[in-house]
$ cat query_6.cif   # mmCIF, C-alpha atoms
data_protein
#
loop_
_atom_site.label_atom_id
_atom_site.label_comp_id
_atom_site.auth_asym_id
_atom_site.auth_seq_id
_atom_site.Cartn_x
_atom_site.Cartn_y
_atom_site.Cartn_z
CA MET A 292 -9.89 -14.62 -29.67
CA ASN A 293 -11.80 -15.61 -32.80
CA LEU A 294 -12.09 -12.15 -34.31
CA LYS A 295 -14.68 -13.00 -36.94
CA THR A 296 -17.19 -14.17 -34.35
CA THR A 297 -16.32 -11.85 -31.47
CA ARG A 298 -18.81 -9.26 -30.24
CA ILE A 299 -17.71 -6.58 -27.77
CA LEU A 300 -19.72 -4.03 -25.82
CA ILE A 301 -18.09 -0.83 -24.56
CA LEU A 302 -20.04 1.09 -21.93
CA GLY A 303 -18.84 4.69 -21.77
CA CYS A 304 -16.97 5.50 -24.94
CA GLY A 305 -14.44 8.05 -23.73
CA TRP A 306 -10.86 8.46 -24.90
CA VAL A 307 -9.78 4.89 -24.11
CA GLY A 308 -13.10 3.36 -25.16
CA GLU A 309 -13.07 5.05 -28.54
CA GLU A 310 -9.51 3.98 -29.31
CA PHE A 311 -10.31 0.43 -28.25
CA ALA A 312 -13.42 0.48 -30.47
CA VAL A 313 -11.34 1.62 -33.45
CA GLN A 314 -8.77 -1.12 -32.95
CA CYS A 315 -11.48 -3.76 -32.48
CA ARG A 316 -13.23 -2.67 -35.65
CA ASN A 317 -9.93 -2.74 -37.57
CA GLN A 318 -9.59 -6.40 -36.56
CA GLY A 319 -13.05 -7.30 -37.80
CA ILE A 320 -14.65 -7.44 -34.34
CA GLU A 321 -18.31 -6.46 -34.00
CA VAL A 322 -18.34 -3.47 -31.65
CA TRP A 323 -21.25 -1.90 -29.77
CA VAL A 324 -20.64 1.25 -27.72
CA SER A 325 -22.66 3.52 -25.48
CA THR A 326 -22.02 7.25 -25.27
CA THR A 327 -23.75 10.27 -23.80
CA ASN A 328 -22.51 12.47 -26.66
CA THR A 329 -24.81 12.80 -29.68
CA GLU A 330 -22.07 14.06 -32.03
CA LYS A 331 -19.78 11.18 -31.07
CA CYS A 332 -22.62 8.71 -31.51
CA HIS A 333 -23.21 9.84 -35.10
CA ARG A 334 -19.47 9.88 -35.84
CA LEU A 335 -18.95 6.36 -34.54
CA ARG A 336 -21.91 5.08 -36.50
CA GLY A 337 -20.44 6.64 -39.61
CA ASP A 338 -17.21 4.73 -38.95
CA GLY A 339 -19.00 1.39 -38.74
CA THR A 340 -19.48 1.06 -34.98
CA PHE A 341 -22.87 0.16 -33.51
CA ALA A 342 -23.16 3.24 -31.29
CA PHE A 343 -26.14 4.20 -29.13
CA LEU A 344 -26.95 6.97 -26.67
CA MET A 345 -27.09 5.93 -23.02
CA ASP A 346 -26.86 7.96 -19.83
CA PHE A 347 -26.52 5.69 -16.82
CA ASP A 348 -27.39 8.55 -14.49
CA VAL A 349 -30.97 8.32 -15.70
CA ASP A 350 -31.43 4.95 -17.41
CA LYS A 351 -30.68 1.27 -16.88
CA ASN A 352 -32.88 -0.36 -19.52
CA VAL A 353 -31.33 -2.41 -22.30
CA PRO A 354 -32.46 -1.00 -25.67
CA ASP A 355 -34.56 -3.38 -27.76
CA PHE A 356 -32.04 -3.28 -30.61
CA LEU A 357 -29.09 -4.35 -28.45
CA PRO A 358 -28.02 -8.01 -28.62
CA ASP A 359 -28.37 -9.83 -25.30
CA THR A 360 -25.13 -11.80 -25.67
CA PHE A 361 -21.57 -10.46 -25.87
CA ASP A 362 -18.19 -12.10 -25.68
CA TYR A 363 -16.62 -9.25 -23.74
CA ILE A 364 -17.79 -6.09 -21.99
CA LEU A 365 -15.55 -3.10 -21.25
CA THR A 366 -16.97 -0.58 -18.76
CA SER A 367 -15.27 2.80 -18.94
CA VAL A 368 -17.84 4.97 -17.16
CA PRO A 369 -16.16 7.40 -14.74
CA ALA A 370 -16.68 7.85 -11.03
CA SER A 371 -15.68 11.49 -11.25
CA SER A 372 -14.57 13.65 -8.33
CA LYS A 373 -17.09 16.20 -9.62
CA ASN A 374 -19.91 13.87 -8.59
CA THR A 375 -21.51 13.20 -5.22
CA ILE A 376 -21.41 9.77 -3.64
CA GLU A 377 -25.16 9.50 -4.27
CA THR A 378 -24.73 10.21 -7.99
CA VAL A 379 -21.96 7.64 -8.37
CA SER A 380 -23.94 5.05 -6.41
CA HIS A 381 -27.01 5.52 -8.59
CA ARG A 382 -24.92 5.52 -11.80
CA PHE A 383 -23.21 2.23 -11.03
CA ASP A 384 -26.39 0.60 -9.73
CA ASN A 385 -27.85 1.32 -13.15
CA ILE A 386 -24.79 -0.16 -14.88
CA LEU A 387 -25.11 -3.25 -12.69
CA SER A 388 -28.77 -3.67 -13.62
CA PHE A 389 -27.90 -3.21 -17.30
CA ILE A 390 -25.05 -5.74 -17.41
CA ARG A 391 -27.00 -8.33 -15.38
CA LEU A 392 -29.54 -8.48 -18.20
CA LEU A 393 -26.80 -9.55 -20.63
CA GLN A 394 -24.82 -12.73 -21.16
CA TYR A 395 -21.05 -12.33 -21.42
CA ARG A 396 -17.81 -14.28 -21.06
CA LYS A 397 -15.73 -11.61 -19.33
CA HIS A 398 -15.98 -8.02 -18.10
CA ILE A 399 -13.27 -5.40 -17.53
CA PHE A 400 -13.88 -2.26 -15.49
CA LEU A 401 -11.52 0.68 -15.97
CA SER A 402 -10.82 2.40 -12.68
CA SER A 403 -7.94 4.70 -11.69
CA ILE A 404 -4.84 4.73 -9.49
CA GLY A 405 -6.44 7.90 -8.13
CA ILE A 406 -8.08 5.50 -5.71
CA TYR A 407 -4.83 5.45 -3.71
CA PRO A 408 -4.08 8.23 -1.21
CA ASP A 409 -1.00 10.43 -1.53
CA ILE A 410 1.44 8.44 0.56
CA GLU A 411 5.20 8.08 0.65
CA GLY A 412 6.77 5.08 -1.00
CA ARG A 413 5.61 2.18 -3.13
CA VAL A 414 1.95 1.14 -3.31
CA ASP A 415 0.49 -1.95 -4.94
CA GLU A 416 -2.83 -3.81 -5.13
CA HIS A 417 -2.39 -5.18 -1.59
CA PHE A 418 -3.08 -1.71 -0.16
CA ASN A 419 -6.24 -2.26 1.90
CA ASP A 420 -6.73 0.76 4.11
CA GLN A 421 -10.37 1.25 3.12
CA GLU A 422 -10.61 4.52 5.04
CA ALA A 423 -7.80 6.01 2.93
CA LEU A 424 -9.12 4.98 -0.51
CA ASN A 425 -10.96 7.48 -2.71
CA PRO A 426 -14.59 6.81 -1.71
CA LEU A 427 -16.09 7.36 -5.17
CA LEU A 428 -13.70 5.01 -6.96
CA ALA A 429 -13.88 2.45 -4.15
CA LEU A 430 -17.68 2.44 -4.38
CA ALA A 431 -17.62 2.02 -8.17
CA GLU A 432 -15.12 -0.85 -7.91
CA GLU A 433 -17.15 -2.55 -5.18
CA LYS A 434 -20.28 -2.49 -7.32
CA MET A 435 -18.52 -3.63 -10.49
CA THR A 436 -16.75 -6.53 -8.77
CA SER A 437 -20.10 -7.87 -7.58
CA LEU A 438 -20.50 -8.98 -11.21
CA SER A 439 -19.15 -12.37 -12.21
CA ARG A 440 -15.96 -12.73 -14.27
CA THR A 441 -14.88 -9.13 -13.70
CA ILE A 442 -11.34 -7.73 -13.87
CA VAL A 443 -10.48 -4.24 -12.60
CA PHE A 444 -7.77 -2.15 -14.27
CA ARG A 445 -6.60 0.85 -12.25
CA LEU A 446 -5.14 3.13 -14.90
CA GLY A 447 -2.27 5.52 -14.33
CA GLY A 448 -2.14 9.01 -15.82
CA LEU A 449 -3.04 8.51 -19.47
CA PHE A 450 -0.98 9.89 -22.34
CA GLY A 451 -0.54 9.25 -26.05
CA LYS A 452 -1.82 10.72 -29.32
CA ASN A 453 -2.58 14.40 -28.62
CA ARG A 454 -2.19 14.04 -24.85
CA ILE A 455 1.36 15.31 -24.41
CA PHE A 456 2.51 16.04 -20.86
CA ALA A 457 4.66 19.07 -21.68
CA LYS A 458 1.72 20.79 -23.34
CA TYR A 459 -0.02 21.28 -19.99
CA PHE A 460 2.95 23.10 -18.44
CA ALA A 461 4.22 25.22 -21.35
CA GLY A 462 4.94 28.73 -20.10
CA LYS A 463 3.61 27.96 -16.62
CA ILE A 464 5.10 27.38 -13.19
CA CYS A 465 5.42 23.68 -12.31
CA THR A 466 5.24 22.77 -8.61
CA THR A 467 4.93 18.98 -9.04
CA GLY A 468 8.21 18.36 -10.87
CA GLU A 469 9.79 16.40 -8.01
CA GLN A 470 6.99 13.83 -7.93
CA PRO A 471 7.46 10.41 -9.57
CA ALA A 472 5.42 9.95 -12.76
CA ASN A 473 2.80 7.22 -12.44
CA PHE A 474 1.78 7.33 -16.09
CA VAL A 475 0.79 4.90 -18.82
CA HIS A 476 0.59 5.13 -22.59
CA LEU A 477 -2.76 4.62 -24.32
CA GLN A 478 -1.39 1.83 -26.51
CA ASP A 479 -0.27 -0.21 -23.49
CA VAL A 480 -3.76 0.09 -22.02
CA ILE A 481 -5.32 -1.13 -25.27
CA GLN A 482 -2.88 -4.04 -25.57
CA LEU A 483 -3.55 -5.11 -21.98
CA ILE A 484 -7.31 -5.03 -22.50
CA PHE A 485 -6.97 -7.30 -25.53
CA LEU A 486 -4.60 -9.56 -23.62
CA ALA A 487 -6.83 -9.84 -20.55
CA PHE A 488 -9.85 -10.68 -22.71
CA SER A 489 -7.97 -13.34 -24.67
CA THR A 490 -6.46 -15.24 -21.70
CA ASP A 491 -8.09 -17.51 -19.10
CA LEU A 492 -7.95 -14.74 -16.50
CA GLU A 493 -11.43 -14.10 -15.08
CA HIS A 494 -10.85 -12.05 -11.90
CA GLY A 495 -8.26 -9.71 -10.52
CA LEU A 496 -7.23 -6.19 -9.64
CA PHE A 497 -4.35 -4.65 -11.57
CA ASN A 498 -2.48 -1.35 -11.61
CA ILE A 499 -1.82 -0.34 -15.22
CA VAL A 500 1.22 1.92 -14.91
CA CYS A 501 4.62 2.16 -16.58
CA PRO A 502 7.19 0.12 -14.65
CA GLU A 503 9.61 3.08 -14.68
CA HIS A 504 8.92 6.25 -12.70
CA PRO A 505 11.12 9.22 -13.64
CA SER A 506 10.31 12.56 -12.07
CA LYS A 507 7.60 14.66 -13.68
CA GLU A 508 10.23 17.33 -14.34
CA GLU A 509 12.25 14.82 -16.38
CA VAL A 510 9.14 13.81 -18.31
CA ILE A 511 8.21 17.42 -19.06
CA ILE A 512 11.70 18.21 -20.35
CA ALA A 513 11.79 15.08 -22.55
CA SER A 514 8.25 15.68 -23.80
CA ALA A 515 8.91 19.36 -24.61
CA ALA A 516 12.07 18.46 -26.55
CA LYS A 517 10.33 15.72 -28.52
CA TYR A 518 7.22 17.70 -29.47
CA GLY A 519 8.53 21.24 -29.56
CA TYR A 520 6.67 22.70 -26.61
CA GLU A 521 7.90 25.58 -24.47
CA LEU A 522 9.29 24.58 -21.10
CA PRO A 523 7.66 25.78 -17.87
CA ILE A 524 8.72 29.22 -16.69
CA SER A 525 10.21 27.50 -13.66
CA PHE A 526 10.19 24.34 -11.58
CA GLU A 527 9.45 25.30 -7.98
CA PRO A 528 9.10 23.23 -4.80
CA GLY A 529 5.56 22.22 -4.04
CA GLN A 530 3.84 18.85 -3.95
CA THR A 531 6.63 16.37 -3.23
CA THR A 532 4.88 13.15 -2.18
CA GLN A 533 7.08 10.31 -3.46
CA LYS A 534 4.33 7.81 -4.27
CA ILE A 535 5.22 5.08 -6.76
CA VAL A 536 2.42 2.83 -8.02
CA SER A 537 3.64 -0.67 -8.87
CA SER A 538 2.60 -2.55 -12.00
CA ASP A 539 4.46 -5.75 -11.05
CA ARG A 540 1.27 -7.79 -10.72
CA VAL A 541 0.02 -7.23 -14.27
CA ILE A 542 3.51 -7.76 -15.70
CA GLN A 543 3.85 -11.10 -13.92
CA THR A 544 0.26 -12.34 -14.29
CA LEU A 545 -0.07 -11.60 -18.00
CA ASP A 546 3.63 -11.95 -18.83
CA TYR A 547 3.46 -8.49 -20.34
CA THR A 548 6.26 -6.31 -21.67
CA PHE A 549 5.28 -2.65 -21.85
CA LEU A 550 5.51 -0.98 -25.25
CA TYR A 551 6.38 2.21 -23.36
CA PRO A 552 8.13 1.16 -20.12
CA SER A 553 9.01 4.77 -19.31
CA PRO A 554 7.06 8.04 -19.72
CA LEU A 555 10.32 9.50 -21.05
CA ASN A 556 9.56 7.67 -24.31
CA PHE A 557 5.96 8.83 -24.78
#

$ encode --input "query_6.cif" --output "structure tokens"
Amino acid sequence: MNLKTTRILILGCGWVGEEFAVQCRNQGIEVWVSTTNTEKCHRLRGDGTFAFLMDFDVDKNVPDFLPDTFDYILTSVPASSKNTIETVSHRFDNILSFIRLLQYRKHIFLSSIGIYPDIEGRVDEHFNDQEALNPLLALAEEKMTSLSRTIVFRLGGLFGKNRIFAKYFAGKICTTGEQPANFVHLQDVIQLIFLAFSTDLEHGLFNIVCPEHPSKEEVIIASAAKYGYELPISFEPGQTTQKIVSSDRVIQTLDYTFLYPSPLNF
């Protein structure tokens, strides 16, 4: 990746998008980002990012000031469970229309392992029971993969920076402690985005999850000890589905070694 001449567009500048924008900018990459948040837009502009307001629920037009050619596009717009299927369909139709007006070398869409149902055992990208997949995420992926040169990353539970697992259970009752942790650290996600953009890879579906899967109880205990949070009041039986999401494909395809192979080290 020739950093001095690289131009990247990030659609949907959430937690991952903003961190990726910061790291791109630190490497001298020209970064354009869309956001629906006015305060964030002003803040990003102040930091040297070309930020603009864009709500794909209502608009699909490319602003006049936006370049029509990018090296890489990262789409991080959510297909949230809070939305109806009609809303998600309209949102991603607008994103499709927007991207099709641009020239680009490669596109990555950030999806979620939430697309998989709660099943027992190991699940990987070969899972193809369409009836069992989350319909909102499946629809978003279907629309995004109709674009050329598109890679889909299904992200595990995201942690890093101020997202500390133990914080969400301090002083509470935990009923999911027996479940395997299908998590990933923010910095591994960022490194894999850079890596996928810089290789010859043009298509593919990849789970982005730590290769190790300790129980959530183990992760909470380790996280609380490391960051000084109170432990849960108790760990009680509850949701015990033993689903493990495999990241073997991305490890093998991109020859990647995780910075954080286990959530115990977050």

$ atom_distance --input "query_6.cif" --atom1 "atom CA of A:Pro554" --atom2 "atom CA of A:Phe400"
23.7 Å

$ closest_residue --input "query_6.cif" --among "A:Val500, A:Leu387, A:Ala513, A:Leu427" --to "A:Ala457" --atoms "all atoms listed in the file"
A:Ala513

$ resolve_selection --input "query_6.cif" --expression "the PyMOL selection byres ((chain A and resi 548) around 12)" --output "list in words"
Asp479, Val480, Gln482, Leu483, Leu486, Ile499, Val500, Cys501, Pro502, Ser538, Asp539, Val541, Ile542, Gln543, Thr544, Leu545, Asp546, Tyr547, Phe549, Leu550, Tyr551, Pro552 and Ser553 of chain A

$ write_last_selection --input "query_6.cif" --atoms "C-alpha atoms" --output "CSV table (one decimal), in the frame of the given file"
chain,number,residue,atom,x,y,z
A,479,ASP,CA,-0.3,-0.2,-23.5
A,480,VAL,CA,-3.8,0.1,-22.0
A,482,GLN,CA,-2.9,-4.0,-25.6
A,483,LEU,CA,-3.6,-5.1,-22.0
A,486,LEU,CA,-4.6,-9.6,-23.6
A,499,ILE,CA,-1.8,-0.3,-15.2
A,500,VAL,CA,1.2,1.9,-14.9
A,501,CYS,CA,4.6,2.2,-16.6
A,502,PRO,CA,7.2,0.1,-14.6
A,538,SER,CA,2.6,-2.6,-12.0
A,539,ASP,CA,4.5,-5.8,-11.0
A,541,VAL,CA,0.0,-7.2,-14.3
A,542,ILE,CA,3.5,-7.8,-15.7
A,543,GLN,CA,3.8,-11.1,-13.9
A,544,THR,CA,0.3,-12.3,-14.3
A,545,LEU,CA,-0.1,-11.6,-18.0
A,546,ASP,CA,3.6,-12.0,-18.8
A,547,TYR,CA,3.5,-8.5,-20.3
A,549,PHE,CA,5.3,-2.6,-21.8
A,550,LEU,CA,5.5,-1.0,-25.2
A,551,TYR,CA,6.4,2.2,-23.4
A,552,PRO,CA,8.1,1.2,-20.1
A,553,SER,CA,9.0,4.8,-19.3

$ atom_distance --input "query_6.cif" --atom1 "atom CA of A:Lys507" --atom2 "atom CA of A:Ser403"
18.6 Å

$ resolve_selection --input "query_6.cif" --expression "the PyMOL selection byres ((chain A and resi 412) around 8)" --output "list in words"
Ile410, Glu411, Arg413, Val414, Gln533, Lys534 and Ile535 of chain A

$ closest_residue --input "query_6.cif" --among "A:Glu433, A:Glu330, A:Asp415, A:Glu508" --to "A:Ala370" --atoms "all atoms listed in the file"
A:Glu433

$ axis_aligned_box --input "query_6.cif" --around "stretch 456-465 of chain A" --padding-each-side "5 Å" --output "JSON"
{"center_x": 2.7, "center_y": 22.4, "center_z": -17.8, "size_x": 15.4, "size_y": 22.7, "size_z": 21.0}

$ resolve_selection --input "query_6.cif" --expression "the PyMOL selection byres ((chain A and resi 338-349) around 6)" --output "PDB file with C-alpha atoms, in the frame of the given file"
ATOM      1  CA  VAL A 322     -18.340  -3.470 -31.650  1.00  0.00           C
ATOM      2  CA  TRP A 323     -21.250  -1.900 -29.770  1.00  0.00           C
ATOM      3  CA  VAL A 324     -20.640   1.250 -27.720  1.00  0.00           C
ATOM      4  CA  SER A 325     -22.660   3.520 -25.480  1.00  0.00           C
ATOM      5  CA  THR A 326     -22.020   7.250 -25.270  1.00  0.00           C
ATOM      6  CA  THR A 327     -23.750  10.270 -23.800  1.00  0.00           C
ATOM      7  CA  CYS A 332     -22.620   8.710 -31.510  1.00  0.00           C
ATOM      8  CA  LEU A 335     -18.950   6.360 -34.540  1.00  0.00           C
ATOM      9  CA  ARG A 336     -21.910   5.080 -36.500  1.00  0.00           C
ATOM     10  CA  GLY A 337     -20.440   6.640 -39.610  1.00  0.00           C
ATOM     11  CA  ASP A 350     -31.430   4.950 -17.410  1.00  0.00           C
ATOM     12  CA  ARG A 382     -24.920   5.520 -11.800  1.00  0.00           C
ATOM     13  CA  ASN A 385     -27.850   1.320 -13.150  1.00  0.00           C
TER      14      ASN A 385
END

$ closest_residue --input "query_6.cif" --among "A:Glu432, A:Glu309, A:Asp384, A:Glu422" --to "A:Pro408" --atoms "only C-alpha atoms"
A:Glu422

$ closest_residue --input "query_6.cif" --among "A:Ser380, A:Leu392, A:Arg454, A:Glu469" --to "A:Leu428" --atoms "only C-alpha atoms"
A:Ser380

$ residues_around --input "query_6.cif" --residues "stretch 395-397 of chain A" --least-positions-apart "5" --cutoff "12 Å" --atoms "only C-alpha atoms" --output "MDAnalysis selection string"
chainID A and resid 292 297:300 358:366 390 436 438:443 484:485 487:495

$ closest_residue --input "query_6.cif" --among "A:Gly448, A:Pro354, A:Pro369, A:Gly468" --to "A:Leu401" --atoms "all atoms listed in the file"
A:Pro369

$ decode --input "query_6.cif" --residues "stretch 389-400 of chain A" --atoms "all heavy atoms" --output "compact mmCIF listing (two decimals), in the first residue's frame"
# COMPACT_ATOMS: atom_id res chain seq x y z
N PHE A 389 -24.87 4.45 -3.87
CA PHE A 389 -23.78 5.38 -3.59
C PHE A 389 -22.44 4.82 -4.08
O PHE A 389 -21.72 5.48 -4.83
CB PHE A 389 -23.75 5.63 -2.07
CG PHE A 389 -22.77 6.68 -1.62
CD1 PHE A 389 -23.18 7.99 -1.43
CD2 PHE A 389 -21.45 6.35 -1.35
CE1 PHE A 389 -22.29 8.96 -1.00
CE2 PHE A 389 -20.55 7.31 -0.92
CZ PHE A 389 -20.98 8.62 -0.75
N ILE A 390 -22.13 3.59 -3.67
CA ILE A 390 -20.82 3.01 -4.01
C ILE A 390 -20.70 2.78 -5.51
O ILE A 390 -19.62 2.93 -6.10
CB ILE A 390 -20.59 1.71 -3.22
CG1 ILE A 390 -20.45 2.01 -1.73
CG2 ILE A 390 -19.34 0.97 -3.73
CD1 ILE A 390 -20.28 0.79 -0.84
N ARG A 391 -21.80 2.43 -6.18
CA ARG A 391 -21.76 2.17 -7.62
C ARG A 391 -21.44 3.41 -8.45
O ARG A 391 -21.10 3.30 -9.62
CB ARG A 391 -23.07 1.54 -8.07
CG ARG A 391 -23.16 0.06 -7.71
CD ARG A 391 -24.48 -0.54 -8.09
NE ARG A 391 -24.46 -1.99 -7.87
CZ ARG A 391 -25.52 -2.71 -7.56
NH1 ARG A 391 -26.72 -2.12 -7.43
NH2 ARG A 391 -25.42 -4.02 -7.39
N LEU A 392 -21.54 4.57 -7.83
CA LEU A 392 -21.18 5.82 -8.52
C LEU A 392 -19.70 6.14 -8.36
O LEU A 392 -19.22 7.14 -8.90
CB LEU A 392 -22.03 6.98 -7.99
CG LEU A 392 -23.53 6.90 -8.32
CD1 LEU A 392 -24.30 7.99 -7.58
CD2 LEU A 392 -23.76 7.00 -9.82
N LEU A 393 -18.99 5.31 -7.58
CA LEU A 393 -17.57 5.56 -7.31
C LEU A 393 -16.70 4.50 -7.99
O LEU A 393 -17.14 3.41 -8.30
CB LEU A 393 -17.32 5.51 -5.80
CG LEU A 393 -18.14 6.47 -4.93
CD1 LEU A 393 -17.91 6.16 -3.45
CD2 LEU A 393 -17.82 7.92 -5.25
N GLN A 394 -15.45 4.85 -8.20
CA GLN A 394 -14.45 3.89 -8.65
C GLN A 394 -13.60 3.51 -7.44
O GLN A 394 -13.22 4.37 -6.65
CB GLN A 394 -13.58 4.51 -9.74
CG GLN A 394 -14.33 4.88 -11.01
CD GLN A 394 -13.41 5.46 -12.07
OE1 GLN A 394 -12.34 4.93 -12.33
NE2 GLN A 394 -13.82 6.58 -12.66
N TYR A 395 -13.29 2.22 -7.33
CA TYR A 395 -12.51 1.75 -6.19
C TYR A 395 -11.80 0.46 -6.56
O TYR A 395 -12.20 -0.26 -7.47
CB TYR A 395 -13.40 1.54 -4.96
CG TYR A 395 -14.48 0.50 -5.17
CD1 TYR A 395 -14.27 -0.83 -4.81
CD2 TYR A 395 -15.71 0.85 -5.73
CE1 TYR A 395 -15.25 -1.78 -5.00
CE2 TYR A 395 -16.70 -0.10 -5.94
CZ TYR A 395 -16.47 -1.41 -5.58
OH TYR A 395 -17.44 -2.37 -5.78
N ARG A 396 -10.75 0.15 -5.81
CA ARG A 396 -9.97 -1.07 -6.04
C ARG A 396 -10.50 -2.24 -5.22
O ARG A 396 -10.43 -3.38 -5.65
CB ARG A 396 -8.50 -0.82 -5.70
CG ARG A 396 -7.81 0.14 -6.66
CD ARG A 396 -6.45 0.59 -6.13
NE ARG A 396 -5.57 -0.54 -5.82
CZ ARG A 396 -4.41 -0.40 -5.19
NH1 ARG A 396 -4.00 0.80 -4.79
NH2 ARG A 396 -3.65 -1.45 -4.96
N LYS A 397 -11.00 -1.95 -4.02
CA LYS A 397 -11.45 -3.02 -3.13
C LYS A 397 -12.40 -2.45 -2.09
O LYS A 397 -12.28 -1.30 -1.68
CB LYS A 397 -10.25 -3.69 -2.45
CG LYS A 397 -10.54 -5.04 -1.80
CD LYS A 397 -9.29 -5.62 -1.15
CE LYS A 397 -8.21 -5.89 -2.16
NZ LYS A 397 -7.04 -6.59 -1.54
N HIS A 398 -13.32 -3.31 -1.63
CA HIS A 398 -14.34 -2.89 -0.67
C HIS A 398 -14.46 -3.96 0.42
O HIS A 398 -14.51 -5.15 0.13
CB HIS A 398 -15.69 -2.73 -1.40
CG HIS A 398 -16.87 -2.54 -0.51
ND1 HIS A 398 -18.03 -3.28 -0.63
CD2 HIS A 398 -17.09 -1.68 0.52
CE1 HIS A 398 -18.90 -2.88 0.28
NE2 HIS A 398 -18.36 -1.92 1.00
N ILE A 399 -14.47 -3.52 1.68
CA ILE A 399 -14.71 -4.41 2.81
C ILE A 399 -15.99 -3.99 3.51
O ILE A 399 -16.19 -2.81 3.82
CB ILE A 399 -13.54 -4.40 3.82
CG1 ILE A 399 -12.28 -5.01 3.19
CG2 ILE A 399 -13.91 -5.16 5.09
CD1 ILE A 399 -11.06 -4.97 4.11
N PHE A 400 -16.85 -4.97 3.76
CA PHE A 400 -18.08 -4.73 4.53
C PHE A 400 -17.95 -5.42 5.89
O PHE A 400 -17.65 -6.61 5.97
CB PHE A 400 -19.30 -5.28 3.80
CG PHE A 400 -20.57 -5.23 4.62
CD1 PHE A 400 -21.01 -4.04 5.18
CD2 PHE A 400 -21.30 -6.39 4.85
CE1 PHE A 400 -22.17 -3.99 5.95
CE2 PHE A 400 -22.47 -6.35 5.61
CZ PHE A 400 -22.90 -5.15 6.17
